[in-house]
Amino acid sequence: MKKIITLGPSGTYAEIASQKFNIDLSLSSLIEMENTIDQVFKKAYLGDYLVLPFDNSIDGYVQRTLDLLYESNYYITHVNELSIDFSLISNENSLENIKNVYVQFKAHAQCYNFLKNFSHFNYITTDSNTESLNRFTASPNESCTIIPTHLISSNFELIIHHVHDTLDNKTRFVLLENKLNIPDFEVIKAYVVLSPNIDQPGLLHDILYSFKMLNINLTSIISRPKKNTSGKYNFFIELSFLRENYNDLINELEKNKNFSTKILGVYKWI
């Protein structure tokens, strides 16, 4: 049987995303969980698919996913999107009685506007939302945790729902495979990395202008440092376009010698 490797432990949004891929794509795959994004990539040879968080509507891209995907031989082939809902739970009857807050680092960023109102909180950062719940359960006195609402299974003295910064909080998860796939849909997206070979004014402008001339829409762009060259950056770009323009895009990227190009995936637009 095929296998999906994703972030654990059980109960995380990554597991839910993996289950959704299993159903939507009829993968019929076992789900195996690792503790970190690095471990998912290290164990990639044991599986057929990887499922990882890609970006969040509040907090932006998951940079470790981007960096390791760039270094790997895996490609984004499918994307799904989950609504993210966080709640605060505690056995204390007032927020004023809470000292310690167990919270996963990304959950903290997505709930920043709520948490910044409580200067007396001491934050204990965890690697997963399930770890936050487990550590809170082990030491509940004068404590609280922020976890996905679907993990709440008991009655607590204090429950505050929807503590994330905006109600429209969504995270995209990507399915990675070791081969590039071009989906057969009218509108598709591609994620590419442009690595400048030279340093001169207008370099990025010129390549972006060529996208415009091909009627290719740039939906996001971020820069990440080149690991072995101080002060130099790679550009991670998501593009949306008609499938019929895919070959034109590839030709444009290949003929531009000012950049080295790596395609990280092509997938259906959502």
# chains A, B, ... in the order shown; residues from 1 in each chain; ligands from 1

$ select_by_dssp --residues "region 74-218 of chain A" --states "strand (DSSP E or B)" --output "number ranges by chain"
A: 75-83, 86-90, 100-104, 122-126, 143-148, 158-160, 170-177, 187-196, 217-218

$ residues_around --residues "Ser220 (chain A)" --least-positions-apart "2" --cutoff "9 Å" --atoms "only C-alpha atoms" --output "list in words"
Leu218, Ile222, Phe236, Ile237, Glu238 and Leu239 of chain A

$ atom_distance --atom1 "CA of His150 (chain A)" --atom2 "CA of Glu32 (chain A)"
20.4 Å

$ select_by_dssp --residues "region 162-257 of chain A" --states "alpha helix (DSSP H)" --output "list in words"
Leu203, Leu204, His205, Asp206, Ile207, Leu208, Tyr209, Ser210, Phe211, Lys212, Met213, Tyr246, Asn247, Asp248, Leu249, Ile250, Asn251, Glu252, Leu253, Glu254 and Lys255 of chain A

$ closest_atom_pairs --of "region 155-208 of chain A" --to "region 88-106 of chain A" --cutoff "6 Å" --atoms "only C-alpha atoms" --output "CSV"
residue,atom,partner,partner_atom,distance
A:Phe156,CA,A:Asn91,CA,5.4
A:Glu157,CA,A:Asn91,CA,4.7
A:Leu158,CA,A:Ser90,CA,5.1
A:Ile159,CA,A:Ile89,CA,4.6
A:Ile160,CA,A:Leu88,CA,5.1

$ closest_residue --among "A:Ser26, A:Thr130, A:Gln110, A:Ser87" --to "Asp59 (chain A)" --atoms "only C-alpha atoms"
A:Gln110

$ closest_residue --among "A:Leu46, A:Val193, A:Ile37, A:Leu151" --to "Asp85 (chain A)" --atoms "only C-alpha atoms"
A:Leu151
